[in-house]
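Structure first, then comments.
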Amino acid sequence: MLLNILKINNYLVYVYLFLLALAAGIFSINYSANAPVLDNSALSFFLQQGNYGVVSKISGIILLLANVLLFDLCINSQEVVEKNNHIPSFLLSIFLCYAIGLNPLHPILFAQLLLSASLWFFISIYKADRVYSPIFNGAFCLAVATIIYPPYSLFMVLCFVCLLTLRTFSLREWLLAILGICLPYFFYFSLLFLFDKNPQQVFLILRDSFHAPSIPAYLKGSFLINFSVITIAVFALIFFLIKTVSNKIKTQKAFVIFLWMFIFSIPMWFIVSTGVAFGGLLSAMPLSVFCGIYLGSAKSRILAELLTWVLLILFIVSMLQQASIIN
């Protein structure tokens with residue numbers, strides 16, 4: 001039933017999607033630590049380091065809903081998934097709730113918006129005549145996302161993966177992508193100079209965003225959510241090994257881009273500490289796409305529905321464990 005309402009061919013599906021994301025967000029934000037705005041972000045020292053109580057929580061919910069909407073529009077308008085499949089967007093809302101549980105205004109919520117916009121721009125250039133603006137905009141958004149959340153710097157190479165996958169080589173397009181990457185950093189360091197900030201602070205934040213490679217730390221609630229997501233991911237892997245992703249070339253190319261995105265995110269599991277129970281938070285976008293395509297297209301609808309409900313139940317229990325409400 002849950003999967004069916006997220007695949008109906010009607011604008012009402014957005015109401016259901018928003019209500020589900022809103023319910024998950026409100027549930028998660030009740031256990032939020034309410035950390036400072038953009039904590040551990042390269043923009044953190046431009047803002048007053050303080051808590052804003054209810055305002056932070058309301059803003060966090062709005063950010064979550066904005067992420068869900070933009071991601072959903074991106075994957076559906078750019079044919080990343082089959083028509084009217086909103087399950088990946090629902091899964092993304094579940095995954096991002098772990099960031100909200102840590103901080104209502106976690107920098108990953110801002111960076112995720114820009115990352116979705118970046119991929120939207122890049123995927124739109126496939127077989128397009130006018131591509132210069134989308135290429136520049138996509139690279140610019142991706143660079144800004146890395147400033148807001150430094151661990152996303154490992155995704156920077158996605159610019160060139162998209163160009164190699166979606167276009168034949170053009171020096172002008174590659175130079176535009178490089179320019180789009182460099183400009184945000186130029187503006188950023190110009191702001192540091194104007195506000196008389198020490199650039200060394202930036203490098204300290206960048207250094208503190210990573211650590212020496214190690215096995216991810218086990219946190220309360222980790223087993224349940226990671227087990228459920230890994231289970232769905234395994235079924236998704238079997239599904240893609242048996243069935244062709246799509247007959248549409250654009251969908252196949254978009255799938256390759258998200259696959260590379262997932263590969264680039266794997267090192268983050270071992271060198272970035274997110275502080276949340278869900279270990280795949282930095283792989284939220286590709287995981288949402290792969291698992292969402294499987295759940296929306298699986299031949300066994302009963303199994304897919306069962307896996308979805310198990311994920312939801314274990315998500316609730318996991319969040320309660322993370323908040324030390326239950327053992």
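Quick note on naming: the chains in the structure tokens go A, B, ... in the order shown, residues restart at 1 in each chain, and ligands are numbered from 1 in order of appearance.
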- 10 Å contact set for A:Phe18, only C-alpha atoms, chain neighbours under 3 positions out, as a ChimeraX atom specification: /A:13-15,21-24,64-66,68-69,89-90,93
Stretch 245-249 of chain A: which residues within 9 Å, counting only C-alpha atoms, same-chain residues fewer than 3 positions away excluded, as a PDB file with all heavy atoms, in the first residue's frame?
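What landed in out10.pdb:
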ATOM      1  N   GLU A  79      14.534  11.824 -15.961  1.00  0.00           N
ATOM      2  CA  GLU A  79      14.362  10.409 -16.324  1.00  0.00           C
ATOM      3  C   GLU A  79      15.400   9.496 -15.681  1.00  0.00           C
ATOM      4  O   GLU A  79      15.825   8.505 -16.282  1.00  0.00           O
ATOM      5  CB  GLU A  79      14.403  10.248 -17.847  1.00  0.00           C
ATOM      6  CG  GLU A  79      13.368  11.078 -18.581  1.00  0.00           C
ATOM      7  CD  GLU A  79      13.495  10.964 -20.092  1.00  0.00           C
ATOM      8  OE1 GLU A  79      13.497   9.828 -20.594  1.00  0.00           O
ATOM      9  OE2 GLU A  79      13.599  12.010 -20.757  1.00  0.00           O
ATOM     10  N   VAL A  81      14.740   7.797 -12.986  1.00  0.00           N
ATOM     11  CA  VAL A  81      13.931   6.637 -12.622  1.00  0.00           C
ATOM     12  C   VAL A  81      12.754   6.550 -13.589  1.00  0.00           C
ATOM     13  O   VAL A  81      12.496   7.473 -14.368  1.00  0.00           O
ATOM     14  CB  VAL A  81      13.406   6.747 -11.170  1.00  0.00           C
ATOM     15  CG1 VAL A  81      14.555   6.762 -10.182  1.00  0.00           C
ATOM     16  CG2 VAL A  81      12.561   8.019 -10.996  1.00  0.00           C
ATOM     17  N   GLU A  82      12.043   5.435 -13.545  1.00  0.00           N
ATOM     18  CA  GLU A  82      10.874   5.293 -14.400  1.00  0.00           C
ATOM     19  C   GLU A  82       9.809   6.302 -13.970  1.00  0.00           C
ATOM     20  O   GLU A  82       9.835   6.828 -12.869  1.00  0.00           O
ATOM     21  CB  GLU A  82      10.308   3.871 -14.340  1.00  0.00           C
ATOM     22  CG  GLU A  82       9.680   3.474 -13.017  1.00  0.00           C
ATOM     23  CD  GLU A  82      10.692   2.945 -12.004  1.00  0.00           C
ATOM     24  OE1 GLU A  82      11.898   3.187 -12.190  1.00  0.00           O
ATOM     25  OE2 GLU A  82      10.249   2.311 -11.034  1.00  0.00           O
ATOM     26  N   PHE A 240      19.359  -5.584 -10.293  1.00  0.00           N
ATOM     27  CA  PHE A 240      20.057  -4.943 -11.410  1.00  0.00           C
ATOM     28  C   PHE A 240      20.942  -5.921 -12.175  1.00  0.00           C
ATOM     29  O   PHE A 240      21.225  -5.703 -13.356  1.00  0.00           O
ATOM     30  CB  PHE A 240      20.890  -3.766 -10.912  1.00  0.00           C
ATOM     31  CG  PHE A 240      20.069  -2.598 -10.444  1.00  0.00           C
ATOM     32  CD1 PHE A 240      20.230  -2.078  -9.169  1.00  0.00           C
ATOM     33  CD2 PHE A 240      19.124  -2.029 -11.272  1.00  0.00           C
ATOM     34  CE1 PHE A 240      19.475  -1.004  -8.740  1.00  0.00           C
ATOM     35  CE2 PHE A 240      18.356  -0.950 -10.854  1.00  0.00           C
ATOM     36  CZ  PHE A 240      18.523  -0.442  -9.578  1.00  0.00           C
ATOM     37  N   GLN A 252      20.101   5.137 -18.586  1.00  0.00           N
ATOM     38  CA  GLN A 252      21.286   4.306 -18.377  1.00  0.00           C
ATOM     39  C   GLN A 252      22.506   5.152 -18.027  1.00  0.00           C
ATOM     40  O   GLN A 252      23.282   4.806 -17.133  1.00  0.00           O
ATOM     41  CB  GLN A 252      21.560   3.479 -19.638  1.00  0.00           C
ATOM     42  CG  GLN A 252      20.496   2.433 -19.942  1.00  0.00           C
ATOM     43  CD  GLN A 252      20.741   1.720 -21.255  1.00  0.00           C
ATOM     44  OE1 GLN A 252      21.768   1.913 -21.899  1.00  0.00           O
ATOM     45  NE2 GLN A 252      19.791   0.883 -21.669  1.00  0.00           N
ATOM     46  N   LYS A 253      22.666   6.282 -18.715  1.00  0.00           N
ATOM     47  CA  LYS A 253      23.802   7.160 -18.444  1.00  0.00           C
ATOM     48  C   LYS A 253      23.671   7.798 -17.061  1.00  0.00           C
ATOM     49  O   LYS A 253      24.663   7.941 -16.332  1.00  0.00           O
ATOM     50  CB  LYS A 253      23.915   8.228 -19.528  1.00  0.00           C
ATOM     51  CG  LYS A 253      24.388   7.676 -20.876  1.00  0.00           C
ATOM     52  CD  LYS A 253      24.515   8.770 -21.910  1.00  0.00           C
ATOM     53  CE  LYS A 253      25.055   8.215 -23.230  1.00  0.00           C
ATOM     54  NZ  LYS A 253      26.459   7.779 -23.128  1.00  0.00           N
ATOM     55  N   ALA A 254      22.453   8.199 -16.683  1.00  0.00           N
ATOM     56  CA  ALA A 254      22.230   8.764 -15.348  1.00  0.00           C
ATOM     57  C   ALA A 254      22.530   7.722 -14.273  1.00  0.00           C
ATOM     58  O   ALA A 254      23.100   8.039 -13.220  1.00  0.00           O
ATOM     59  CB  ALA A 254      20.792   9.265 -15.217  1.00  0.00           C
ATOM     60  N   PHE A 255      22.164   6.467 -14.550  1.00  0.00           N
ATOM     61  CA  PHE A 255      22.445   5.385 -13.609  1.00  0.00           C
ATOM     62  C   PHE A 255      23.949   5.237 -13.412  1.00  0.00           C
ATOM     63  O   PHE A 255      24.419   5.033 -12.282  1.00  0.00           O
ATOM     64  CB  PHE A 255      21.841   4.075 -14.129  1.00  0.00           C
ATOM     65  CG  PHE A 255      21.954   2.924 -13.169  1.00  0.00           C
ATOM     66  CD1 PHE A 255      20.980   2.710 -12.212  1.00  0.00           C
ATOM     67  CD2 PHE A 255      23.030   2.049 -13.221  1.00  0.00           C
ATOM     68  CE1 PHE A 255      21.069   1.652 -11.316  1.00  0.00           C
ATOM     69  CE2 PHE A 255      23.144   0.997 -12.342  1.00  0.00           C
ATOM     70  CZ  PHE A 255      22.157   0.795 -11.390  1.00  0.00           C
ATOM     71  N   ILE A 293      14.538   2.451  -7.040  1.00  0.00           N
ATOM     72  CA  ILE A 293      14.211   1.810  -8.319  1.00  0.00           C
ATOM     73  C   ILE A 293      13.809   0.359  -8.089  1.00  0.00           C
ATOM     74  O   ILE A 293      12.830  -0.132  -8.663  1.00  0.00           O
ATOM     75  CB  ILE A 293      15.412   1.887  -9.286  1.00  0.00           C
ATOM     76  CG1 ILE A 293      15.655   3.336  -9.725  1.00  0.00           C
ATOM     77  CG2 ILE A 293      15.174   0.993 -10.509  1.00  0.00           C
ATOM     78  CD1 ILE A 293      16.884   3.520 -10.583  1.00  0.00           C
TER      79      ILE A 293
END
- Query: Counting only C-alpha atoms, which of A:Leu63, A:Ile125, A:Ile58, A:Leu303 gets nearest to A:Cys162?
  - Reply: A:Ile125
- Query: Leaving out stretch 109-117 of chain A and any residue of its chain fewer than 3 positions from it, which residues lie within 10 Å of it when counting only C-alpha atoms, given as a PyMOL selection string?
  - Reply: chain A and resi 38+41+60+63-64+66-75+96-97+99-100+103-106+120-122+137-150+152+155+282+284-285
Since we have the selection now, will you write its residues out, keeping C-alpha atoms, as a PDB file, in the first residue's frame?
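New file out09.pdb:
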ATOM      1  CA  LEU A  38      26.341  25.105  10.070  1.00  0.00           C
ATOM      2  CA  SER A  41      31.114  23.950   7.947  1.00  0.00           C
ATOM      3  CA  GLY A  60      15.341  22.051   9.625  1.00  0.00           C
ATOM      4  CA  LEU A  63      15.179  22.175   4.584  1.00  0.00           C
ATOM      5  CA  LEU A  64      14.222  18.494   4.674  1.00  0.00           C
ATOM      6  CA  ALA A  66      13.026  21.282   0.164  1.00  0.00           C
ATOM      7  CA  ASN A  67      15.582  18.494  -0.277  1.00  0.00           C
ATOM      8  CA  VAL A  68      12.849  15.947  -0.932  1.00  0.00           C
ATOM      9  CA  LEU A  69      11.099  18.176  -3.482  1.00  0.00           C
ATOM     10  CA  LEU A  70      14.246  19.159  -5.402  1.00  0.00           C
ATOM     11  CA  PHE A  71      15.582  15.607  -5.478  1.00  0.00           C
ATOM     12  CA  ASP A  72      12.204  14.288  -6.634  1.00  0.00           C
ATOM     13  CA  LEU A  73      11.934  16.861  -9.414  1.00  0.00           C
ATOM     14  CA  CYS A  74      15.510  16.098 -10.469  1.00  0.00           C
ATOM     15  CA  ILE A  75      15.189  12.332 -10.790  1.00  0.00           C
ATOM     16  CA  LEU A  96      18.450  12.767   5.972  1.00  0.00           C
ATOM     17  CA  CYS A  97      16.462  12.477   9.195  1.00  0.00           C
ATOM     18  CA  ALA A  99      21.371  14.452   9.992  1.00  0.00           C
ATOM     19  CA  ILE A 100      18.404  16.331  11.495  1.00  0.00           C
ATOM     20  CA  ASN A 103      21.591  18.990  14.175  1.00  0.00           C
ATOM     21  CA  PRO A 104      18.388  20.628  12.785  1.00  0.00           C
ATOM     22  CA  LEU A 105      20.567  22.844  10.594  1.00  0.00           C
ATOM     23  CA  HIS A 106      23.232  20.304   9.757  1.00  0.00           C
ATOM     24  CA  TRP A 120      20.019  18.187 -12.295  1.00  0.00           C
ATOM     25  CA  PHE A 121      22.049  20.706 -14.329  1.00  0.00           C
ATOM     26  CA  PHE A 122      24.558  18.122 -15.471  1.00  0.00           C
ATOM     27  CA  ASN A 137      25.811  26.187 -12.964  1.00  0.00           C
ATOM     28  CA  GLY A 138      26.295  22.504 -12.135  1.00  0.00           C
ATOM     29  CA  ALA A 139      30.005  22.954 -11.359  1.00  0.00           C
ATOM     30  CA  PHE A 140      29.300  26.140  -9.382  1.00  0.00           C
ATOM     31  CA  CYS A 141      26.634  24.456  -7.206  1.00  0.00           C
ATOM     32  CA  LEU A 142      28.884  21.474  -6.561  1.00  0.00           C
ATOM     33  CA  ALA A 143      31.782  23.707  -5.491  1.00  0.00           C
ATOM     34  CA  VAL A 144      29.533  25.684  -3.124  1.00  0.00           C
ATOM     35  CA  ALA A 145      28.319  22.391  -1.632  1.00  0.00           C
ATOM     36  CA  THR A 146      31.932  21.458  -0.816  1.00  0.00           C
ATOM     37  CA  ILE A 147      32.431  24.793   0.947  1.00  0.00           C
ATOM     38  CA  ILE A 148      29.319  24.256   3.036  1.00  0.00           C
ATOM     39  CA  TYR A 149      30.173  20.619   3.790  1.00  0.00           C
ATOM     40  CA  PRO A 150      33.881  19.845   3.124  1.00  0.00           C
ATOM     41  CA  TYR A 152      31.594  16.499  -0.294  1.00  0.00           C
ATOM     42  CA  PHE A 155      32.347  14.437  -5.206  1.00  0.00           C
ATOM     43  CA  LEU A 282      27.152  10.343   2.764  1.00  0.00           C
ATOM     44  CA  ALA A 284      22.228   8.875   0.708  1.00  0.00           C
ATOM     45  CA  MET A 285      21.546  10.025  -2.865  1.00  0.00           C
TER      46      MET A 285
END
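Nearest residue to A:Ile181, choosing from A:Ser153, A:Asp129, A:Gln201, A:Phe193 and counting only C-alpha atoms: A:Ser153.
Atom CA of A:Ser56 is found 22.7 Å from atom CA of A:Ser209.
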- DSSP-assigned helix (DSSP H, G or I) among stretch 8-106 of chain A, expressed as a count of residues only: 61
